[in-house]
>>> print(open('start_21.txt').read())   # compact mmCIF, C-alpha atoms
# COMPACT_ATOMS: atom_id res chain seq x y z
CA MET A 140 251.08 65.11 305.96
CA LEU A 141 248.15 66.77 307.70
CA HIS A 142 247.56 70.51 307.37
CA THR A 143 245.20 72.36 309.69
CA VAL A 144 243.91 75.81 308.78
CA ASN A 145 242.14 77.95 311.38
CA LYS A 146 241.83 81.36 309.67
CA SER A 147 239.07 82.69 307.45
CA PRO A 148 240.12 82.50 303.76
CA PHE A 149 238.46 85.90 303.23
CA GLU A 150 240.57 87.65 305.81
CA LYS A 151 243.99 85.98 305.76
CA THR A 152 246.15 84.33 303.10
CA THR A 153 246.66 81.29 305.34
CA PHE A 154 244.41 78.93 303.39
CA ASP A 155 245.91 79.97 300.05
CA SER A 156 249.40 79.47 301.40
CA CYS A 157 248.44 76.01 302.64
CA LEU A 158 247.05 75.08 299.22
CA ASN A 159 250.23 76.35 297.56
CA HIS A 160 252.34 74.03 299.69
CA ALA A 161 250.15 70.93 300.04
CA ARG A 162 251.33 67.89 298.09
CA PRO A 163 249.32 65.05 296.51
CA GLY A 164 248.23 62.59 299.19
CA ASP A 165 248.13 65.23 301.90
CA ALA A 166 245.07 65.96 304.03
CA ILE A 167 243.76 69.39 304.96
CA LEU A 168 241.55 69.86 307.99
CA LEU A 169 239.64 73.14 308.27
CA ILE A 170 238.96 74.24 311.85
CA GLU A 171 237.69 77.35 313.67
CA ASP A 172 237.32 80.24 311.16
CA GLY A 173 239.06 78.05 308.57
CA VAL A 174 235.75 76.23 308.02
CA TYR A 175 234.43 79.19 306.00
CA ALA A 176 236.60 77.83 303.14
CA ALA A 177 234.36 74.74 303.02
CA VAL A 178 231.25 76.57 301.82
CA LYS A 179 230.20 76.39 298.17
CA GLY A 180 229.36 79.43 296.08
CA THR A 181 231.95 81.69 297.71
CA ALA A 182 234.82 83.67 296.23
CA VAL A 183 237.28 80.91 297.25
CA ALA A 184 235.13 77.85 296.45
CA GLU A 185 236.34 77.62 292.86
CA ARG A 186 239.91 77.21 294.00
CA VAL A 187 238.90 74.36 296.33
CA ALA A 188 236.84 72.60 293.69
CA ALA A 189 239.73 72.80 291.19
CA LEU A 190 242.25 71.17 293.54
CA ASN A 191 244.06 67.98 292.75
CA GLY A 192 241.86 64.99 293.59
CA ASP A 193 244.64 63.45 295.64
CA LEU A 194 244.13 66.03 298.36
CA SER A 195 241.58 65.12 301.02
CA ILE A 196 239.81 68.03 302.64
CA TYR A 197 237.95 67.83 305.94
CA ALA A 198 236.04 70.34 308.05
CA LEU A 199 235.39 70.11 311.78
CA GLY A 200 231.64 69.63 312.42
CA PRO A 201 231.32 71.52 315.73
CA ASP A 202 233.01 74.57 314.16
CA LEU A 203 230.61 74.42 311.20
CA SER A 204 227.56 74.23 313.50
CA ALA A 205 228.76 77.12 315.67
CA ARG A 206 228.94 79.29 312.56
CA GLY A 207 225.53 78.28 311.26
CA ILE A 208 226.95 76.39 308.26
CA LYS A 209 224.74 73.48 307.20
CA ASP A 210 226.12 70.29 305.64
CA THR A 211 224.08 71.07 302.52
CA SER A 212 226.12 74.28 302.00
CA LEU A 213 229.44 72.44 301.78
CA ILE A 214 231.53 71.89 298.67
CA GLU A 215 230.99 68.25 297.59
CA ARG A 216 234.54 67.05 298.11
CA ILE A 217 234.64 68.12 301.77
CA SER A 218 234.10 65.53 304.49
CA VAL A 219 232.88 66.52 307.95
CA VAL A 220 234.67 65.07 310.97
CA ASP A 221 234.04 65.38 314.71
CA TYR A 222 236.69 65.78 317.41
CA GLY A 223 237.33 62.01 317.35
CA GLY A 224 237.92 62.25 313.60
CA PHE A 225 240.35 65.12 314.22
CA VAL A 226 242.37 62.88 316.55
CA ASP A 227 242.29 60.04 314.01
CA LEU A 228 243.63 62.33 311.27
CA VAL A 229 246.49 63.46 313.49
CA ALA A 230 247.28 59.84 314.35
CA GLU A 231 247.16 58.72 310.69
CA HIS A 232 249.74 61.29 309.56
CA ASP A 233 253.39 61.36 310.58
CA VAL A 234 253.61 65.13 310.42
CA SER A 235 251.06 67.85 311.14
CA GLN A 236 251.43 71.44 310.09
CA ALA A 237 249.21 74.04 311.74
CA TRP A 238 248.70 76.99 309.37
CA LEU A 239 247.99 79.87 311.72
CA MET B 109 232.59 82.78 348.51
CA SER B 110 229.52 80.65 348.20
CA TYR B 111 225.88 80.05 349.02
CA GLN B 112 225.02 76.97 351.07
CA ILE B 113 221.94 75.04 350.05
CA ASN B 114 220.94 71.56 351.23
CA GLY B 115 224.53 70.75 352.10
CA THR B 116 225.82 71.75 348.65
CA THR B 117 227.86 74.80 347.82
CA VAL B 118 227.28 77.23 344.95
CA GLU B 119 230.16 79.61 344.26
CA HIS B 120 229.53 83.31 343.74
CA ASP B 121 231.68 86.35 342.93
CA GLU B 122 232.45 89.24 345.29
CA GLU B 123 229.11 90.88 344.45
CA GLY B 124 227.05 87.72 344.98
CA TYR B 125 226.42 86.68 341.36
CA ILE B 126 226.63 82.91 340.92
CA GLN B 127 229.37 81.66 338.60
CA GLU B 128 227.68 78.69 336.97
CA LEU B 129 224.25 79.63 335.69
CA ASP B 130 223.02 76.04 335.52
CA LYS B 131 223.43 75.71 339.31
CA TRP B 132 220.38 77.93 339.77
CA SER B 133 217.18 76.64 341.36
CA GLU B 134 214.14 78.32 342.91
CA GLN B 135 215.46 77.25 346.28
CA LEU B 136 218.78 78.94 345.57
CA ALA B 137 216.89 82.08 344.54
CA GLU B 138 215.30 82.14 348.01
CA VAL B 139 218.75 81.83 349.59
CA ILE B 140 220.22 84.64 347.49
CA ALA B 141 217.16 86.82 348.20
CA ALA B 142 217.50 86.25 351.95
CA ASP B 143 221.13 87.33 351.62
CA GLU B 144 219.83 90.55 350.02
CA ASN B 145 217.23 91.01 352.78
CA ILE B 146 214.41 90.38 350.35
CA GLU B 147 211.46 88.15 351.09
CA MET B 148 210.27 86.67 347.83
CA THR B 149 206.60 87.35 347.02
CA ASP B 150 204.64 86.54 343.86
CA GLU B 151 205.50 90.03 342.61
CA HIS B 152 209.22 89.38 343.09
CA TRP B 153 208.94 86.04 341.31
CA GLU B 154 207.12 87.69 338.42
CA VAL B 155 210.13 89.94 337.78
CA VAL B 156 212.70 87.20 338.39
CA ASN B 157 210.92 84.86 335.98
CA PHE B 158 210.62 87.65 333.43
CA LEU B 159 214.39 88.18 333.60
CA ARG B 160 215.06 84.47 333.22
CA ASP B 161 212.83 84.34 330.14
CA TYR B 162 214.57 87.41 328.71
CA TYR B 163 217.96 85.80 329.25
CA GLU B 164 216.78 82.53 327.71
CA GLU B 165 215.70 84.36 324.57
CA TYR B 166 218.48 86.93 324.15
CA GLN B 167 221.39 85.55 326.21
CA ILE B 168 221.81 88.80 328.13
CA ALA B 169 220.47 90.31 331.32
CA PRO B 170 218.88 93.59 330.22
CA ALA B 171 219.91 97.03 331.47
CA VAL B 172 217.42 98.54 333.90
CA ARG B 173 215.82 100.94 331.40
CA VAL B 174 215.39 98.07 328.96
CA LEU B 175 213.91 95.89 331.69
CA ILE B 176 211.41 98.57 332.67
CA LYS B 177 210.33 99.11 329.08
CA ALA B 178 209.95 95.38 328.48
CA ILE B 179 207.94 94.85 331.67
CA LYS B 180 205.74 97.80 330.78
CA LYS B 181 205.03 96.18 327.46
CA SER B 182 204.20 92.74 328.84
CA MET B 183 202.63 93.60 332.24
CA GLY B 184 201.42 97.18 331.83
CA LYS B 185 202.60 100.50 333.17
CA ASP B 186 201.51 99.80 336.78
CA LYS B 187 204.46 97.41 336.95
CA GLY B 188 206.67 98.76 334.20
CA ASN B 189 207.96 101.75 336.14
CA ASN B 190 210.92 102.66 338.32
CA LYS B 191 208.98 103.12 341.55
CA TYR B 192 207.28 99.71 341.52
CA LEU B 193 210.47 97.85 340.66
CA TYR B 194 212.60 99.73 343.19
CA THR B 195 209.99 98.96 345.86
CA LEU B 196 210.48 95.26 345.15
CA PHE B 197 214.26 95.46 344.71
CA PRO B 198 215.52 98.51 346.65
CA TYR B 199 219.15 98.18 345.54
CA GLY B 200 218.27 98.22 341.87
CA PRO B 201 215.80 96.00 340.03
CA ALA B 202 218.21 94.94 337.33
CA LYS B 203 221.19 94.22 339.57
CA GLN B 204 219.38 92.66 342.52
CA ALA B 205 216.76 90.75 340.55
CA CYS B 206 219.42 89.44 338.16
CA LYS B 207 221.44 88.17 341.08
CA ILE B 208 218.41 86.35 342.48
CA ALA B 209 217.55 85.04 339.01
CA GLY B 210 221.02 83.50 338.80
CA LEU B 211 222.03 85.65 335.81
CA PRO B 212 225.20 87.65 335.17
CA LYS B 213 225.30 91.34 335.93
CA PRO B 214 223.14 93.31 333.47
CA THR B 215 224.75 94.26 330.19
CA GLY B 216 224.74 97.97 329.46
CA CYS B 217 224.03 99.00 333.02
CA VAL B 218 225.80 102.31 333.54
CA MET C 83 213.55 109.48 314.94
CA SER C 84 214.98 112.99 315.14
CA ALA C 85 217.45 114.07 317.77
CA GLU C 86 214.88 116.33 319.47
CA GLU C 87 212.37 113.53 319.78
CA ASN C 88 214.61 111.10 321.58
CA GLY C 89 215.74 113.49 324.24
CA ALA C 90 219.21 114.69 323.31
CA GLY C 91 219.62 118.07 321.69
CA ALA C 92 220.68 117.95 318.07
CA GLU C 93 223.86 119.82 318.89
CA ASP C 94 225.11 117.27 321.45
CA GLN C 95 224.00 114.14 319.63
CA LYS C 96 226.67 112.53 317.53
CA LYS C 97 226.50 109.89 314.85
CA PHE C 98 228.31 106.74 316.00
CA LEU C 99 229.05 103.86 313.66
CA TYR C 100 230.32 100.52 314.93
CA VAL C 101 232.23 98.72 312.19
CA ASN C 102 232.08 94.91 312.41
CA ARG C 103 234.50 93.09 310.08
CA ARG C 104 235.36 89.88 311.95
CA ALA C 105 233.80 86.43 312.12
CA PRO C 106 232.13 85.67 315.45
CA TYR C 107 234.02 82.89 317.29
CA GLY C 108 237.62 82.77 316.02
CA THR C 109 238.50 86.05 317.74
CA ILE C 110 236.94 88.13 320.53
CA TYR C 111 236.23 91.21 318.35
CA ALA C 112 232.59 90.46 317.54
CA LEU C 113 231.56 89.85 321.14
CA GLU C 114 233.54 92.86 322.37
CA SER C 115 231.85 95.08 319.80
CA LEU C 116 228.40 93.85 320.79
CA GLU C 117 229.09 94.52 324.46
CA VAL C 118 230.37 98.01 323.75
CA VAL C 119 227.27 98.71 321.65
CA LEU C 120 224.97 97.61 324.49
CA ILE C 121 226.84 99.66 327.07
CA GLY C 122 227.17 102.67 324.76
CA ALA C 123 223.43 102.55 324.02
CA ALA C 124 222.84 104.22 327.41
CA PHE C 125 224.32 107.47 326.08
CA ASP C 126 221.48 108.40 323.77
CA GLN C 127 223.47 108.95 320.59
CA ASP C 128 222.60 108.22 316.98
CA VAL C 129 224.01 104.70 316.78
CA SER C 130 224.29 102.42 313.79
CA LEU C 131 226.19 99.21 313.07
CA ALA C 132 227.90 98.16 309.85
CA PHE C 133 228.54 94.51 309.00
CA PHE C 134 230.91 93.83 306.14
CA ASP C 135 233.82 91.56 305.19
CA ASP C 136 233.73 88.61 307.63
CA GLY C 137 231.52 90.68 309.96
CA VAL C 138 228.46 89.49 308.02
CA PHE C 139 229.05 86.04 309.57
CA GLN C 140 228.10 87.48 312.98
CA ILE C 141 224.41 87.71 312.11
CA ILE C 142 223.98 84.44 310.20
CA LYS C 143 221.05 82.42 311.46
CA GLY C 144 221.24 78.87 312.80
CA GLN C 145 224.39 79.26 314.92
CA ASP C 146 224.78 76.42 317.43
CA THR C 147 227.87 76.54 319.62
CA ALA C 148 227.07 73.55 321.86
CA GLY C 149 229.89 71.55 320.24
CA ILE C 150 232.67 74.11 320.74
CA GLY C 151 231.99 75.04 324.37
CA MET C 152 231.56 78.75 323.67
CA LYS C 153 228.59 80.98 324.35
CA ASN C 154 226.29 81.52 321.38
CA PHE C 155 225.83 85.28 321.53
CA SER C 156 223.96 85.56 318.24
CA PRO C 157 220.52 85.82 319.97
CA THR C 158 221.72 89.03 321.61
CA TYR C 159 221.68 90.88 318.27
CA ARG C 160 217.90 90.45 318.38
CA ALA C 161 217.82 92.45 321.66
CA LEU C 162 219.42 95.51 320.01
CA GLY C 163 215.98 96.92 319.23
CA ASP C 164 215.20 97.01 322.97
CA TYR C 165 218.35 99.10 323.36
CA GLU C 166 217.10 101.42 320.61
CA VAL C 167 219.83 100.36 318.22
CA THR C 168 217.80 99.98 315.06
CA LYS C 169 220.12 100.57 312.10
CA LEU C 170 222.18 97.57 311.03
CA TYR C 171 223.79 98.06 307.62
CA VAL C 172 224.88 94.88 305.86
CA GLU C 173 227.05 95.10 302.74
CA LYS C 174 225.67 93.16 299.75
CA GLU C 175 229.05 92.54 298.16
CA SER C 176 230.37 90.93 301.35
CA LEU C 177 227.39 88.57 301.42
CA GLU C 178 227.85 87.63 297.76
CA GLU C 179 231.57 86.93 298.12
CA ARG C 180 230.69 84.49 300.90
CA GLY C 181 227.92 82.69 299.02
CA LEU C 182 225.27 84.27 301.26
CA THR C 183 221.99 86.09 300.68
CA ALA C 184 219.68 88.15 302.89
CA ASP C 185 217.77 84.92 303.62
CA ASP C 186 220.79 83.61 305.52
CA LEU C 187 220.61 86.49 308.02
CA MET C 188 218.76 86.40 311.35
CA GLU C 189 215.56 88.40 311.62
CA ILE C 190 216.49 91.42 313.71
CA THR C 191 213.63 93.84 314.32
CA TYR C 192 212.58 96.85 316.38
CA GLU C 193 209.28 98.43 317.28
CA ASP C 194 208.85 101.88 315.76
CA GLU C 195 207.57 104.23 318.46
CA ASP C 196 206.64 106.82 315.81
CA ASP C 197 204.54 104.34 313.83
CA ASP C 198 202.25 102.82 316.49
CA TRP C 199 204.98 100.36 317.57
CA ALA C 200 204.94 98.59 314.23
CA GLU C 201 207.60 95.87 314.06
CA LYS C 202 210.20 96.73 311.45
CA SER C 203 213.43 95.16 310.25
CA SER C 204 216.61 96.70 311.65
CA VAL C 205 218.66 95.18 308.84
CA GLN C 206 219.31 97.28 305.74
CA LEU C 207 221.22 95.83 302.82
CA VAL C 208 223.53 98.41 301.29
CA SER C 209 226.04 98.40 298.47
CA ARG C 210 229.75 98.96 299.04
CA ALA C 211 229.42 102.48 297.63
CA GLU C 212 226.47 103.25 299.90
CA LEU C 213 228.39 101.98 302.91
CA SER C 214 231.29 104.28 302.05
CA GLU C 215 228.85 107.20 302.08
CA ILE C 216 227.43 106.07 305.41
CA MET C 217 230.92 105.91 306.93
CA ALA C 218 231.79 109.36 305.58
CA ALA C 219 228.69 110.82 307.25
CA GLN C 220 229.66 109.77 310.80
CA ASP C 221 231.08 111.81 313.67
CA VAL C 222 232.70 108.79 315.32
CA ILE C 223 233.62 105.36 313.90
CA LEU C 224 234.47 102.53 316.28
CA SER C 225 236.17 99.67 314.49
CA PHE C 226 236.21 96.03 315.56
>>> encode(input="start_21.txt", output="structure tokens")
Amino acid sequence: MLHTVNKSPFEKTTFDSCLNHARPGDAILLIEDGVYAAVKGTAVAERVAALNGDLSIYALGPDLSARGIKDTSLIERISVVDYGGFVDLVAEHDVSQAWL
Amino acid sequence: MSYQINGTTVEHDEEGYIQELDKWSEQLAEVIAADENIEMTDEHWEVVNFLRDYYEEYQIAPAVRVLIKAIKKSMGKDKGNNKYLYTLFPYGPAKQACKIAGLPKPTGCV
Amino acid sequence: MSAEENGAGAEDQKKFLYVNRRAPYGTIYALESLEVVLIGAAFDQDVSLAFFDDGVFQIIKGQDTAGIGMKNFSPTYRALGDYEVTKLYVEKESLEERGLTADDLMEITYEDEDDDWAEKSSVQLVSRAELSEIMAAQDVILSF
């Protein structure tokens, strides 16, 4: 299953709720303001780092660039994808859940 | 509503501001100016180019009082004043010059 | 600058604070706030801006929106000095919670008319407690 999260983890509980419901083997793609959850050294970074290794977490590159977030600021386990990668993730998973 | 230039069409709004900023050219500026009954001189170009530089740097067209202050700073008070700029652009230096410069309507123009 | 010096009488000049608490591109609040500030700057009031919670993301340097097809309005914050908006309060705690420091913020400056046009920073880092005091001292708070 693919989860997308588009809200800031500092403003809404969306990202937390997604983490609470994601299962091993799932993928989470952070988009729009959701990409703020990908940055290390923040109040939510510890939670991301402590997640089960079976969860893959991605962040959308263009949304990171728009917000001035450099690749070097990202939590190690996060992979950056472009729009093509977004489409691939959707295609690879039977079900997508958009956490709004 | 549109300007015609070399057989191509550039759309503008009801006040004459072009819709797509990257469609601007010096030739188009001449066409817009003619539409405003302005004949472009070096002095007009100086202001138009100043506005384009300002937009490039700050992503806004400045309000008229901000424009005057900025021109005063870079070109001196002979040019950075209301009278000089209104002589060049009688219907308002910010509004008319912005239109010719292919920029949106000035931000903070009351 | 005192109220007398910048033209409005002290009795008719009010303290306006614009509160910015949202990230820049996910919603329209940040851009709307900036536009209202620029328009409102014509009215010669004592204007300041507060950036806290996700609002601190608005003035992060290095924003590049080419990939998302939206206008990058972050350079416009650097024009605020031309509009005589020279007090931008940024809350330290909000930066820390987001893994940010003052070095991550854009340089936003103004030229001080009362000090031979010296270029000075418009950004002032304040604590949460200080920001509460600043808010309590306003006549009008506009929240975005």
>>> residues_near_point(input="start_21.txt", point="(233.4, 92.9, 318.4)", cutoff="10 Å", atoms="only C-alpha atoms", output="PyMOL selection string")
chain C and resi 100-106+109-119+137+140+224-226
>>> atom_distance(input="start_21.txt", atom1="atom CA of Val174 of chain B", atom2="atom CA of Ile141 of chain C")
21.7 Å
>>> closest_residue(input="start_21.txt", among="B:Tyr166, B:Ala209, B:Gly200, B:Ala171", to="chain C", atoms="only C-alpha atoms")
B:Tyr166
>>> axis_aligned_box(input="start_21.txt", around="segment 182-200 of chain A", padding_each_side="5 Å", output="AutoDock Vina command-line options")
--center_x 238.1 --center_y 73.6 --center_z 301.8 --size_x 23.0 --size_y 30.2 --size_z 31.2
>>> interface_residues(input="start_21.txt", of="chain C", to="chain A", cutoff="12 Å", atoms="all atoms listed in the file", output="ChimeraX atom specification")
/C:103-109,134-156,175-183,186-188
>>> closest_atom_pairs(input="start_21.txt", of="chain B", to="chain C", cutoff="10 Å", atoms="only C-alpha atoms", output="CSV")
residue,atom,partner,partner_atom,distance
B:Tyr162,CA,C:Ala161,CA,9.3
B:Tyr163,CA,C:Thr158,CA,9.1
B:Glu164,CA,C:Pro157,CA,9.2
B:Glu165,CA,C:Pro157,CA,6.8
B:Tyr166,CA,C:Thr158,CA,4.6
B:Gln167,CA,C:Thr158,CA,5.8
B:Ile168,CA,C:Thr158,CA,6.5
B:Ala169,CA,C:Thr158,CA,9.9
B:Pro170,CA,C:Ala161,CA,8.7
B:Ala171,CA,C:Tyr165,CA,8.5
B:Arg173,CA,C:Tyr165,CA,8.6
B:Val174,CA,C:Asp164,CA,6.1
B:Leu175,CA,C:Asp164,CA,8.9
B:Lys177,CA,C:Asp164,CA,8.1
B:Ala178,CA,C:Asp164,CA,7.8
B:Pro214,CA,C:Ile121,CA,9.7
B:Thr215,CA,C:Ile121,CA,6.6
B:Gly216,CA,C:Ile121,CA,3.6
B:Cys217,CA,C:Ile121,CA,6.6
B:Val218,CA,C:Ile121,CA,7.1
>>> atom_distance(input="start_21.txt", atom1="atom CA of Tyr194 of chain B", atom2="atom CA of Asn157 of chain B")
16.6 Å
>>> residues_around(input="start_21.txt", residues="Ala230 of chain A", least_positions_apart="5", cutoff="12 Å", atoms="only C-alpha atoms", output="list in words")
Met140, Leu141, Gly223, Gly224, Phe225 and Ser235 of chain A
>>> residues_around(input="start_21.txt", residues="Ile167 of chain A", least_positions_apart="3", cutoff="7 Å", atoms="all atoms listed in the file", output="PyMOL selection string")
chain A and resi 141-143+195-197
>>> residues_around(input="start_21.txt", residues="segment 121-128 of chain B", least_positions_apart="4", cutoff="7 Å", atoms="all atoms listed in the file", output="number ranges by chain")
B: 109, 207, 210, 212
>>> write_last_selection(input="start_21.txt", atoms="C-alpha atoms", output="tab-separated table (two decimals), keeping the file's coordinate frame")
chain	number	residue	atom	x	y	z
B	109	MET	CA	232.59	82.78	348.51
B	207	LYS	CA	221.44	88.17	341.08
B	210	GLY	CA	221.02	83.50	338.80
B	212	PRO	CA	225.20	87.65	335.17
>>> residues_near_point(input="start_21.txt", point="(220.6, 86.0, 350.6)", cutoff="12 Å", atoms="all atoms listed in the file", output="NGL selection string")
:B and (110-113 or 120 or 123-126 or 135-148 or 204-205 or 207-208)
>>> atom_distance(input="start_21.txt", atom1="atom CA of Phe154 of chain A", atom2="atom CA of Ser218 of chain A")
16.9 Å
